[in-house]
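Since the structure comes first, as structure tokens, the remarks are kept for the end.
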Amino acid sequence: MIKVLLVDDHHLVRTGIVYLLNDVPGMQVVGEADSGEEAIEIVKDIKPDVILMDLNMPGMGGLEATRKLLHTNPELKIIIVTVYGEDPFPAQLLKAGAHGYVTKDCDAGELVKAIRRVNDGQRYISFEVAQKLALTYIPGQENTSPVELLTHRELQVMMMLAKGQKTQDISDQLCISPKTVSTYRYRLYEKLGVETDVELAHLALRHGILDSNPEKPAIEGNRY
């Protein structure tokens, strides 16, 4: 039996995936969390085989949650299930140790296949994402997004600032000083050519860092 933990702040998305996976032979959803913080708290008690992790959540996002979970539990297998199919997210998350990456518009069969492959110790990246990653890293091809220049921590801070989080909240969640958060903010301004958090948020929307349609429905497709 493959034990699955769902981490997503949208109840409707979790309900749809639970309904799907609990009907799959040899697969069971053993827990749900609506934030990265909650996932970190419950993972030691339910001991899942595979975690399905959303990327854009209030508080600690999927990127930081993945990094922290794998730091303390390197045997965990994490699949990112998100609306984002564009770089830099797939590359950043794979570097952080995620084992799979699928988008929420995949069909049910692909999600089930991803879980089984990752549980067997393989990596799984949906075809569209893999194709974009391959094209991104063709030698001599120019990067089209300035976001690709950001480090892991800069990308984290950018996501949080773009969502309107306050300096102190970011400081508390990332365990860094408010002064360090301000340093990251102005470094982001310089790298991305913006002057305010509002401009930063607009840029984040243009490059897919923010979800402009947060009420996107749960994964669709045939049931397995």
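Chain labels run A, B, ... following the order of the structure tokens; each chain numbers its residues from 1, and ligands are numbered from 1 in the order shown.
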Spatial neighbours of Val50 (chain A), 6 Å, only C-alpha atoms, chain gap at least 4 places, as a PyMOL selection string
chain A and resi 4+77-78
Extract the full set of strand (DSSP E or B) residues from region 1-170 of chain A according to DSSP on the backbone, and format it as number ranges by chain.
A: 2-7, 27-33, 50-53, 77-82, 100-103, 124-125
Kindly provide the residues of region 16-62 of chain A that approach region 169-172 of chain A to within 12 Å, each paired with its closest atom pair and their distance in Å to one decimal, based on only C-alpha atoms, listed by chain and increasing number, as JSON lines.
```
{"residue": "A:Pro58", "atom": "CA", "partner": "A:Asp169", "partner_atom": "CA", "distance": 11.2}
{"residue": "A:Gly59", "atom": "CA", "partner": "A:Ile170", "partner_atom": "CA", "distance": 8.4}
{"residue": "A:Met60", "atom": "CA", "partner": "A:Ile170", "partner_atom": "CA", "distance": 9.1}
{"residue": "A:Gly61", "atom": "CA", "partner": "A:Ile170", "partner_atom": "CA", "distance": 11.4}
```
Which residue gives the smallest distance to Met1 (chain A) among A:Ile115, A:Asp54, A:Leu69, A:Glu32, with only C-alpha atoms counted?
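Answer, going by the shortest atom-to-atom distance: A:Ile115.
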Based on DSSP run over this structure's backbone, return all residues of region 153-192 of chain A in alpha helix (DSSP H), as a PyMOL selection string.
chain A and resi 153-162+167-174+178-192
For those residues, write C-alpha atoms to a file as a compact mmCIF listing (two decimals), in the first residue's frame.
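Final output, out07.txt:
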```txt
# COMPACT_ATOMS: atom_id res chain seq x y z
CA ARG A 153 16.42 32.19 -1.16
CA GLU A 154 15.80 35.20 -3.41
CA LEU A 155 12.99 33.31 -5.13
CA GLN A 156 11.45 32.46 -1.75
CA VAL A 157 11.54 36.09 -0.62
CA MET A 158 10.18 37.28 -3.96
CA MET A 159 7.18 34.95 -3.68
CA MET A 160 6.43 36.14 -0.17
CA LEU A 161 6.80 39.83 -0.97
CA ALA A 162 4.69 39.45 -4.09
CA THR A 167 8.92 42.01 6.52
CA GLN A 168 8.50 40.64 10.07
CA ASP A 169 6.34 37.74 8.87
CA ILE A 170 8.93 36.78 6.26
CA SER A 171 11.66 37.10 8.89
CA ASP A 172 9.80 34.76 11.26
CA GLN A 173 8.96 32.15 8.61
CA LEU A 174 12.43 31.99 7.07
CA PRO A 178 14.22 41.73 9.27
CA LYS A 179 17.39 43.49 8.13
CA THR A 180 18.30 40.47 6.00
CA VAL A 181 14.80 40.47 4.49
CA SER A 182 15.28 44.14 3.54
CA THR A 183 18.64 43.28 1.99
CA TYR A 184 16.98 40.59 -0.14
CA ARG A 185 14.23 43.03 -1.13
CA TYR A 186 16.65 45.61 -2.51
CA ARG A 187 18.76 42.91 -4.15
CA LEU A 188 15.59 41.74 -5.91
CA TYR A 189 14.78 45.30 -6.96
CA GLU A 190 18.25 45.62 -8.47
CA LYS A 191 18.25 42.26 -10.27
CA LEU A 192 14.72 42.57 -11.61
```
All residues 12 Å or closer to Pro25 (chain A), only C-alpha atoms, same chain fewer than 4 positions away omitted, as a PDB file with C-alpha atoms, in the first residue's frame:
```pdb
ATOM      1  CA  MET A   1       0.000   0.000   0.000  1.00  0.00           C
ATOM      2  CA  ILE A   2       1.393   3.401  -1.023  1.00  0.00           C
ATOM      3  CA  LYS A   3       0.608   5.915   1.727  1.00  0.00           C
ATOM      4  CA  LEU A  20      -9.398   9.843  -6.879  1.00  0.00           C
ATOM      5  CA  LEU A  21      -6.543   8.130  -5.037  1.00  0.00           C
ATOM      6  CA  VAL A  29      -4.391   9.018   1.342  1.00  0.00           C
ATOM      7  CA  VAL A 112      -1.261   7.904 -10.451  1.00  0.00           C
ATOM      8  CA  ARG A 116       3.887   4.838  -8.492  1.00  0.00           C
ATOM      9  CA  ARG A 223     -10.723   7.839 -12.461  1.00  0.00           C
ATOM     10  CA  TYR A 224      -8.408   4.892 -11.949  1.00  0.00           C
TER      11      TYR A 224
END
```
Compile the contact shell of Val7 (chain A) as a VMD selection string: residues with an atom at most 10 Å away, counting only C-alpha atoms, same-chain residues fewer than 6 positions apart removed.
chain A and resid 13 to 14 31 to 39 51 to 55 57 62 65 80 to 81
